[in-house]
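So this one's input27.tsv, TSV, C-alpha atoms and all ligand atoms:
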```
chain	number	residue	atom	x	y	z
S	1	MET	CA	-107.32	-128.03	-70.55
S	2	ILE	CA	-103.81	-127.66	-69.18
S	3	MET	CA	-102.30	-128.06	-72.64
S	4	ARG	CA	-104.66	-125.46	-73.99
S	5	LEU	CA	-103.80	-122.99	-71.26
S	6	PHE	CA	-100.09	-123.41	-71.82
S	7	ARG	CA	-100.15	-123.48	-75.59
S	8	PRO	CA	-99.41	-119.79	-76.29
S	9	PHE	CA	-95.94	-118.91	-75.11
S	10	PHE	CA	-95.81	-116.81	-71.99
S	11	PRO	CA	-92.82	-114.52	-72.12
S	12	ALA	CA	-90.15	-114.89	-69.47
S	13	ARG	CA	-90.30	-111.69	-67.50
S	14	TRP	CA	-86.99	-112.24	-65.70
S	15	LEU	CA	-85.26	-111.98	-69.11
S	16	PHE	CA	-86.96	-108.72	-70.02
S	17	GLN	CA	-86.50	-106.61	-66.92
S	18	GLU	CA	-87.34	-103.26	-68.52
S	19	ALA	CA	-90.40	-104.49	-70.38
S	20	LEU	CA	-93.88	-104.06	-68.98
S	21	PHE	CA	-96.02	-107.05	-67.97
S	22	ARG	CA	-98.26	-105.31	-65.48
S	23	MET	CA	-98.80	-101.68	-64.44
S	24	ARG	CA	-97.09	-100.74	-61.21
S	25	SER	CA	-100.25	-99.65	-59.48
S	26	PRO	CA	-101.50	-100.75	-56.10
S	27	GLU	CA	-104.96	-99.50	-57.08
S	28	LYS	CA	-107.68	-101.36	-58.92
S	29	THR	CA	-106.64	-100.32	-62.41
S	30	ALA	CA	-106.47	-102.48	-65.51
S	31	CYS	CA	-105.35	-101.89	-69.08
S	32	LEU	CA	-107.22	-103.38	-72.03
S	33	THR	CA	-105.12	-104.07	-75.12
S	34	PHE	CA	-106.34	-105.22	-78.54
S	35	ASP	CA	-103.91	-106.94	-80.89
S	36	ASP	CA	-103.72	-107.63	-84.63
S	37	GLY	CA	-106.29	-105.15	-85.98
S	38	PRO	CA	-107.66	-102.92	-87.15
S	39	HIS	CA	-110.33	-104.74	-89.09
S	40	PRO	CA	-113.72	-103.38	-90.28
S	41	ALA	CA	-115.45	-106.59	-89.13
S	42	SER	CA	-114.39	-106.10	-85.54
S	43	THR	CA	-112.75	-102.80	-84.57
S	44	PRO	CA	-115.79	-100.47	-85.04
S	45	GLU	CA	-118.02	-102.73	-82.95
S	46	LEU	CA	-115.46	-102.86	-80.15
S	47	LEU	CA	-114.95	-99.09	-80.31
S	48	ASP	CA	-118.71	-98.69	-79.81
S	49	VAL	CA	-118.62	-100.86	-76.70
S	50	LEU	CA	-115.64	-98.94	-75.31
S	51	ASP	CA	-117.43	-95.65	-76.05
S	52	THR	CA	-120.60	-96.82	-74.34
S	53	MET	CA	-118.65	-97.89	-71.28
S	54	ASN	CA	-116.40	-94.79	-71.38
S	55	VAL	CA	-113.24	-96.90	-71.42
S	56	LYS	CA	-109.99	-96.08	-73.24
S	57	ALA	CA	-107.81	-98.90	-74.54
S	58	LEU	CA	-104.50	-99.58	-76.25
S	59	PHE	CA	-104.54	-101.04	-79.77
S	60	PHE	CA	-101.40	-102.90	-80.86
S	61	CYS	CA	-102.10	-102.65	-84.56
S	62	SER	CA	-100.54	-104.76	-87.22
S	63	GLY	CA	-98.72	-102.46	-89.67
S	64	SER	CA	-100.18	-104.23	-92.70
S	65	GLN	CA	-103.74	-103.85	-91.35
S	66	ALA	CA	-103.10	-100.23	-90.38
S	67	GLU	CA	-101.89	-99.48	-93.91
S	68	LYS	CA	-105.04	-101.08	-95.34
S	69	TYR	CA	-107.48	-99.28	-93.02
S	70	PRO	CA	-106.11	-95.81	-92.23
S	71	GLU	CA	-109.65	-94.56	-91.53
S	72	LEU	CA	-109.91	-97.05	-88.66
S	73	ILE	CA	-106.57	-95.89	-87.28
S	74	ASN	CA	-107.92	-92.32	-87.33
S	75	GLU	CA	-111.11	-93.41	-85.62
S	76	ILE	CA	-109.20	-95.21	-82.85
S	77	LYS	CA	-107.09	-92.08	-82.26
S	78	GLN	CA	-110.03	-89.68	-82.44
S	79	LYS	CA	-111.85	-91.63	-79.77
S	80	GLY	CA	-108.94	-91.13	-77.40
S	81	HIS	CA	-107.38	-94.61	-77.50
S	82	LEU	CA	-103.68	-95.31	-77.93
S	83	ILE	CA	-102.06	-97.09	-80.84
S	84	GLY	CA	-99.00	-99.27	-80.48
S	85	ASN	CA	-96.71	-101.05	-82.94
S	86	HIS	CA	-97.18	-104.82	-83.39
S	87	GLY	CA	-94.82	-105.18	-86.37
S	88	TYR	CA	-95.80	-104.96	-90.03
S	89	SER	CA	-96.20	-108.64	-90.87
S	90	HIS	CA	-96.56	-110.39	-87.49
S	91	LEU	CA	-93.15	-112.04	-87.48
S	92	ASN	CA	-92.05	-114.57	-84.90
S	93	GLY	CA	-88.92	-113.11	-83.28
S	94	TRP	CA	-87.52	-116.56	-82.56
S	95	LYS	CA	-87.59	-117.51	-86.23
S	96	THR	CA	-86.53	-114.20	-87.76
S	97	SER	CA	-83.10	-112.58	-88.07
S	98	ASP	CA	-82.60	-109.50	-85.92
S	99	LYS	CA	-82.14	-107.34	-89.01
S	100	LEU	CA	-85.36	-108.49	-90.69
S	101	TYR	CA	-87.31	-108.32	-87.44
S	102	CYS	CA	-86.27	-104.75	-86.67
S	103	GLU	CA	-86.84	-103.63	-90.26
S	104	ASP	CA	-90.38	-105.01	-90.12
S	105	ILE	CA	-91.08	-103.00	-86.97
S	106	ASP	CA	-89.55	-99.94	-88.54
S	107	ILE	CA	-91.92	-100.22	-91.52
S	108	ALA	CA	-94.89	-100.66	-89.15
S	109	SER	CA	-93.89	-97.42	-87.38
S	110	GLN	CA	-95.04	-95.48	-90.46
S	111	PHE	CA	-98.60	-96.62	-89.82
S	112	THR	CA	-98.75	-97.07	-86.06
S	113	SER	CA	-97.04	-95.56	-83.00
S	114	ASP	CA	-93.38	-94.90	-82.54
S	115	ASN	CA	-93.00	-95.57	-78.83
S	116	LEU	CA	-94.99	-98.63	-77.78
S	117	PHE	CA	-94.26	-102.11	-79.09
S	118	ARG	CA	-95.72	-105.54	-78.44
S	119	PRO	CA	-93.88	-108.53	-79.93
S	120	PRO	CA	-96.14	-110.81	-81.99
S	121	TYR	CA	-96.67	-114.12	-80.11
S	122	GLY	CA	-94.73	-112.56	-77.22
S	123	ARG	CA	-91.62	-114.02	-78.86
S	124	LEU	CA	-88.52	-111.92	-78.77
S	125	SER	CA	-84.84	-112.87	-78.64
S	126	ILE	CA	-82.55	-111.24	-76.12
S	127	SER	CA	-80.64	-109.39	-78.84
S	128	GLN	CA	-83.88	-108.10	-80.38
S	129	TYR	CA	-85.02	-107.01	-76.94
S	130	ASN	CA	-81.74	-105.24	-76.19
S	131	HIS	CA	-82.01	-103.29	-79.44
S	132	LEU	CA	-85.73	-102.50	-79.29
S	133	LYS	CA	-85.82	-101.40	-75.65
S	134	LYS	CA	-83.73	-98.37	-76.64
S	135	ILE	CA	-86.50	-97.24	-78.99
S	136	PHE	CA	-89.74	-98.56	-77.51
S	137	LYS	CA	-91.51	-99.26	-74.31
S	138	ILE	CA	-92.05	-103.00	-74.78
S	139	VAL	CA	-95.45	-104.11	-73.50
S	140	PHE	CA	-96.23	-107.78	-72.83
S	141	TRP	CA	-99.23	-108.74	-70.67
S	142	ASP	CA	-100.14	-110.68	-67.57
S	143	ILE	CA	-103.55	-112.01	-68.63
S	144	MET	CA	-104.24	-113.69	-71.96
S	145	SER	CA	-107.97	-113.93	-72.70
S	146	TYR	CA	-107.78	-116.69	-75.38
S	147	ASP	CA	-110.45	-114.77	-77.29
S	148	PHE	CA	-108.70	-115.80	-80.52
S	149	ASP	CA	-109.56	-119.44	-79.81
S	150	GLN	CA	-113.10	-120.28	-80.90
S	151	GLY	CA	-112.74	-123.67	-79.20
S	152	PHE	CA	-111.94	-122.03	-75.87
S	153	GLY	CA	-115.17	-120.07	-76.12
S	154	ALA	CA	-116.43	-116.67	-75.01
S	155	ASP	CA	-117.89	-117.93	-71.71
S	156	ARG	CA	-114.60	-119.39	-70.54
S	157	SER	CA	-112.69	-116.29	-71.61
S	158	LEU	CA	-115.09	-114.13	-69.60
S	159	HIS	CA	-114.82	-116.41	-66.60
S	160	LEU	CA	-111.03	-116.46	-66.82
S	161	LEU	CA	-110.81	-112.65	-66.96
S	162	ASN	CA	-113.28	-112.20	-64.09
S	163	ARG	CA	-111.26	-114.61	-61.99
S	164	LYS	CA	-107.77	-113.33	-62.83
S	165	ILE	CA	-108.17	-109.56	-62.89
S	166	ARG	CA	-105.87	-107.90	-60.34
S	167	PRO	CA	-104.52	-104.39	-59.73
S	168	GLY	CA	-102.32	-103.21	-62.61
S	169	THR	CA	-103.28	-106.04	-64.91
S	170	ILE	CA	-102.61	-105.80	-68.65
S	171	ILE	CA	-105.10	-107.88	-70.65
S	172	VAL	CA	-104.71	-109.14	-74.22
S	173	LEU	CA	-107.77	-109.15	-76.46
S	174	HIS	CA	-107.96	-109.16	-80.26
S	175	ASP	CA	-109.82	-106.91	-82.69
S	176	THR	CA	-109.80	-109.56	-85.38
S	177	PRO	CA	-112.97	-110.78	-87.16
S	178	ASP	CA	-113.05	-114.17	-85.41
S	179	SER	CA	-112.27	-112.96	-81.91
S	180	THR	CA	-114.90	-113.85	-79.33
S	181	CYS	CA	-114.27	-110.69	-77.31
S	182	LYS	CA	-117.18	-108.85	-78.97
S	183	VAL	CA	-119.42	-111.31	-77.12
S	184	PHE	CA	-118.05	-110.72	-73.63
S	185	LEU	CA	-116.29	-107.34	-73.58
S	186	LYS	CA	-119.25	-105.35	-72.25
S	187	ASP	CA	-120.03	-107.93	-69.55
S	188	PHE	CA	-116.41	-108.03	-68.48
S	189	ILE	CA	-116.13	-104.25	-68.20
S	190	GLU	CA	-119.41	-104.00	-66.26
S	191	ARG	CA	-118.38	-106.73	-63.86
S	192	SER	CA	-114.93	-105.19	-63.30
S	193	VAL	CA	-116.37	-101.73	-62.68
S	194	SER	CA	-118.80	-103.20	-60.17
S	195	LYS	CA	-115.77	-104.66	-58.36
S	196	GLY	CA	-114.20	-101.19	-58.18
S	197	TYR	CA	-111.85	-101.38	-61.19
S	198	ARG	CA	-111.19	-98.59	-63.61
S	199	PHE	CA	-109.46	-98.93	-66.96
S	200	SER	CA	-106.32	-96.92	-67.45
S	201	LEU	CA	-103.74	-96.14	-70.12
S	202	ALA	CA	-101.15	-95.01	-67.58
S	203	ILE	CA	-98.65	-97.68	-68.56
H	301	ZN	ZN	-100.48	-110.54	-82.64
```
Could I get this file's structure written as structure tokens?
Amino acid sequence: MIMRLFRPFFPARWLFQEALFRMRSPEKTACLTFDDGPHPASTPELLDVLDTMNVKALFFCSGSQAEKYPELINEIKQKGHLIGNHGYSHLNGWKTSDKLYCEDIDIASQFTSDNLFRPPYGRLSISQYNHLKKIFKIVFWDIMSYDFDQGFGADRSLHLLNRKIRPGTIIVLHDTPDSTCKVFLKDFIERSVSKGYRFSLAI
């Protein structure tokens, strides 16, 4: 359990002072973010849930997926959600030269947004950060849902989110075909709203 919870790297916020991990709001607001899409087997279904619940979210799209499914990118925008840059080919910043890493993000900018960036895996070197912060608002997160992990399971993800939500929280979900968030997204939103939360894009 502990190993599982610590497996994905949690970025060191003291190193990235100007990046965003949580919204600076004393109120009960939360931001939902969806990484790694768009994908026809997941994104439309999640957009329907968000529509039904009247919630706007932030999609950190993979450039390669965005190039493949421009109609989904248009749909996300038309429904009033935001699109951010998550790189073109999901590179690990720790294992990639600064030049290659920044070029990959530059290519993704053609298909995504030009001012919001989330590093794949949350892995970014200090030199990459120092360069990219001049161009982007860099958005990490403070709650990881583990919806990408089938073994973790939808019930535990829902429980974790219900337990950890706090004012200004930025939550990572995934609009990938295998993500379990389709199972629990509606329940989570309903529960949060009943606790007085609203979902915001004021990052
Ligand atoms: Zn990702």
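Distance check against Val49 in chain S using all atoms listed in the file: of S:Lys186, S:Arg166, S:His159, S:Lys99, the minimum falls on S:Lys186.
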If we count only C-alpha atoms and set the cut-off at 9 Å, which residues sit around Leu160 in chain S, ignoring sequence neighbours fewer than 6 positions away in its own chain? Please answer as a compact mmCIF listing (two decimals) with C-alpha atoms, keeping the file's coordinate frame.
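To be explicit, this is the file written out as selection-v7.txt:
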```txt
# COMPACT_ATOMS: atom_id res chain seq x y z
CA ILE S 143 -103.55 -112.01 -68.63
CA MET S 144 -104.24 -113.69 -71.96
CA SER S 145 -107.97 -113.93 -72.70
```
Next on the checklist: I'd like the neighbourhood of Phe117 in chain S as a ChimeraX atom specification, where a residue qualifies if any of its atoms comes within 10 Å (using only C-alpha atoms), though same-chain residues fewer than 2 positions away should be ignored.
Outcome noted: /S:19,60-61,83-87,105,109,112-115,119-120,132-133,135-140
Keeping C-alpha atoms, export the residues of the selection given above as a PDB file, keeping the file's coordinate frame.
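File result_16.pdb, as written:
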```pdb
ATOM      1  CA  ALA S  19     -90.400-104.490 -70.380  1.00  0.00           C
ATOM      2  CA  PHE S  60    -101.400-102.900 -80.860  1.00  0.00           C
ATOM      3  CA  CYS S  61    -102.100-102.650 -84.560  1.00  0.00           C
ATOM      4  CA  ILE S  83    -102.060 -97.090 -80.840  1.00  0.00           C
ATOM      5  CA  GLY S  84     -99.000 -99.270 -80.480  1.00  0.00           C
ATOM      6  CA  ASN S  85     -96.710-101.050 -82.940  1.00  0.00           C
ATOM      7  CA  HIS S  86     -97.180-104.820 -83.390  1.00  0.00           C
ATOM      8  CA  GLY S  87     -94.820-105.180 -86.370  1.00  0.00           C
ATOM      9  CA  ILE S 105     -91.080-103.000 -86.970  1.00  0.00           C
ATOM     10  CA  SER S 109     -93.890 -97.420 -87.380  1.00  0.00           C
ATOM     11  CA  THR S 112     -98.750 -97.070 -86.060  1.00  0.00           C
ATOM     12  CA  SER S 113     -97.040 -95.560 -83.000  1.00  0.00           C
ATOM     13  CA  ASP S 114     -93.380 -94.900 -82.540  1.00  0.00           C
ATOM     14  CA  ASN S 115     -93.000 -95.570 -78.830  1.00  0.00           C
ATOM     15  CA  PRO S 119     -93.880-108.530 -79.930  1.00  0.00           C
ATOM     16  CA  PRO S 120     -96.140-110.810 -81.990  1.00  0.00           C
ATOM     17  CA  LEU S 132     -85.730-102.500 -79.290  1.00  0.00           C
ATOM     18  CA  LYS S 133     -85.820-101.400 -75.650  1.00  0.00           C
ATOM     19  CA  ILE S 135     -86.500 -97.240 -78.990  1.00  0.00           C
ATOM     20  CA  PHE S 136     -89.740 -98.560 -77.510  1.00  0.00           C
ATOM     21  CA  LYS S 137     -91.510 -99.260 -74.310  1.00  0.00           C
ATOM     22  CA  ILE S 138     -92.050-103.000 -74.780  1.00  0.00           C
ATOM     23  CA  VAL S 139     -95.450-104.110 -73.500  1.00  0.00           C
ATOM     24  CA  PHE S 140     -96.230-107.780 -72.830  1.00  0.00           C
TER      25      PHE S 140
END
```
Next on the checklist: Can you work out which residues are within 6 Å of ligand ZN 301 (chain H), considering all atoms listed in the file, and then hand them over as number ranges by chain?
Outcome noted: S: 35-36, 120-121
Do you know which residues are at most 8 Å from Ile170 in chain S counting all atoms listed in the file, after dropping those on the same chain fewer than 3 positions away, and could you put them as a PDB file with C-alpha atoms, in the frame of the given file?
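File written: part.pdb
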```pdb
ATOM      1  CA  PHE S  21     -96.020-107.050 -67.970  1.00  0.00           C
ATOM      2  CA  ARG S  22     -98.260-105.310 -65.480  1.00  0.00           C
ATOM      3  CA  MET S  23     -98.800-101.680 -64.440  1.00  0.00           C
ATOM      4  CA  ALA S  30    -106.470-102.480 -65.510  1.00  0.00           C
ATOM      5  CA  CYS S  31    -105.350-101.890 -69.080  1.00  0.00           C
ATOM      6  CA  LEU S  32    -107.220-103.380 -72.030  1.00  0.00           C
ATOM      7  CA  THR S  33    -105.120-104.070 -75.120  1.00  0.00           C
ATOM      8  CA  PHE S 140     -96.230-107.780 -72.830  1.00  0.00           C
ATOM      9  CA  TRP S 141     -99.230-108.740 -70.670  1.00  0.00           C
ATOM     10  CA  ASP S 142    -100.140-110.680 -67.570  1.00  0.00           C
ATOM     11  CA  ILE S 143    -103.550-112.010 -68.630  1.00  0.00           C
TER      12      ILE S 143
END
```
Checklist outcome for this item: Atom pair CA of Leu20 in chain S + CA of Leu161 in chain S, distance 19.1 Å
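Among S:Glu27, S:Glu103, S:Asp178, S:Glu45, the residue with the shortest atom-to-atom distance to His131 in chain S, counting only C-alpha atoms, is S:Glu103.
Proximity ranking of S:Asn130, S:Ser42, S:Gln17, S:Ser179 relative to Ala154 in chain S places S:Ser179 first, based on all atoms listed in the file.
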Checklist entry - Quick one: of S:Tyr88, S:Phe16, S:Phe199, S:Phe59, who's nearest to Ser125 in chain S, counting only C-alpha atoms? => result S:Phe16
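Across the model, the gap from CA of Gly80 in chain S to CA of Gly122 in chain S is 25.7 Å.
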Checklist entry - Need the neighbours of (-115.8, -96.1, -65.7): which residues are at most 9 Å away, counting only C-alpha atoms, as number ranges by chain? => result S: 53-55, 189-190, 193, 197-199
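Coordinates place CA of Leu116 in chain S at a distance of 15.1 Å from CA of Ala66 in chain S.
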Checklist outcome for this item: In terms of only C-alpha atoms, the residue from S:Gly93, S:Gly196, S:Pro38, S:Gly63 at minimal distance from Pro167 in chain S is S:Gly196
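In terms of minimum interatomic distance to Pro44 in chain S, S:Ile76 ranks closest within S:Ala57, S:Leu15, S:Ala202, S:Ile76, counting all atoms listed in the file.
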Next on the checklist: At a cut-off of 12 Å around the point (-116.9, -101.0, -83.4) (file coordinates), what residues fall inside when counting only C-alpha atoms? I'd like the answer as number ranges by chain.
Outcome noted: S: 37-52, 72, 75-76, 79, 175-177, 181-182, 185
Checklist entry - Residues at most 10 Å from Asn162 in chain S, counting only C-alpha atoms, excluding those fewer than 3 positions away in the same chain, as a ChimeraX atom specification? => result /S:156-159,165-166,187-189,191-192,195
Keeping C-alpha atoms, export the residues of the selection given above as a compact mmCIF listing (two decimals), in the frame of the given file.
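Contents of selection_5.txt, freshly written:
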```txt
# COMPACT_ATOMS: atom_id res chain seq x y z
CA ARG S 156 -114.60 -119.39 -70.54
CA SER S 157 -112.69 -116.29 -71.61
CA LEU S 158 -115.09 -114.13 -69.60
CA HIS S 159 -114.82 -116.41 -66.60
CA ILE S 165 -108.17 -109.56 -62.89
CA ARG S 166 -105.87 -107.90 -60.34
CA ASP S 187 -120.03 -107.93 -69.55
CA PHE S 188 -116.41 -108.03 -68.48
CA ILE S 189 -116.13 -104.25 -68.20
CA ARG S 191 -118.38 -106.73 -63.86
CA SER S 192 -114.93 -105.19 -63.30
CA LYS S 195 -115.77 -104.66 -58.36
```
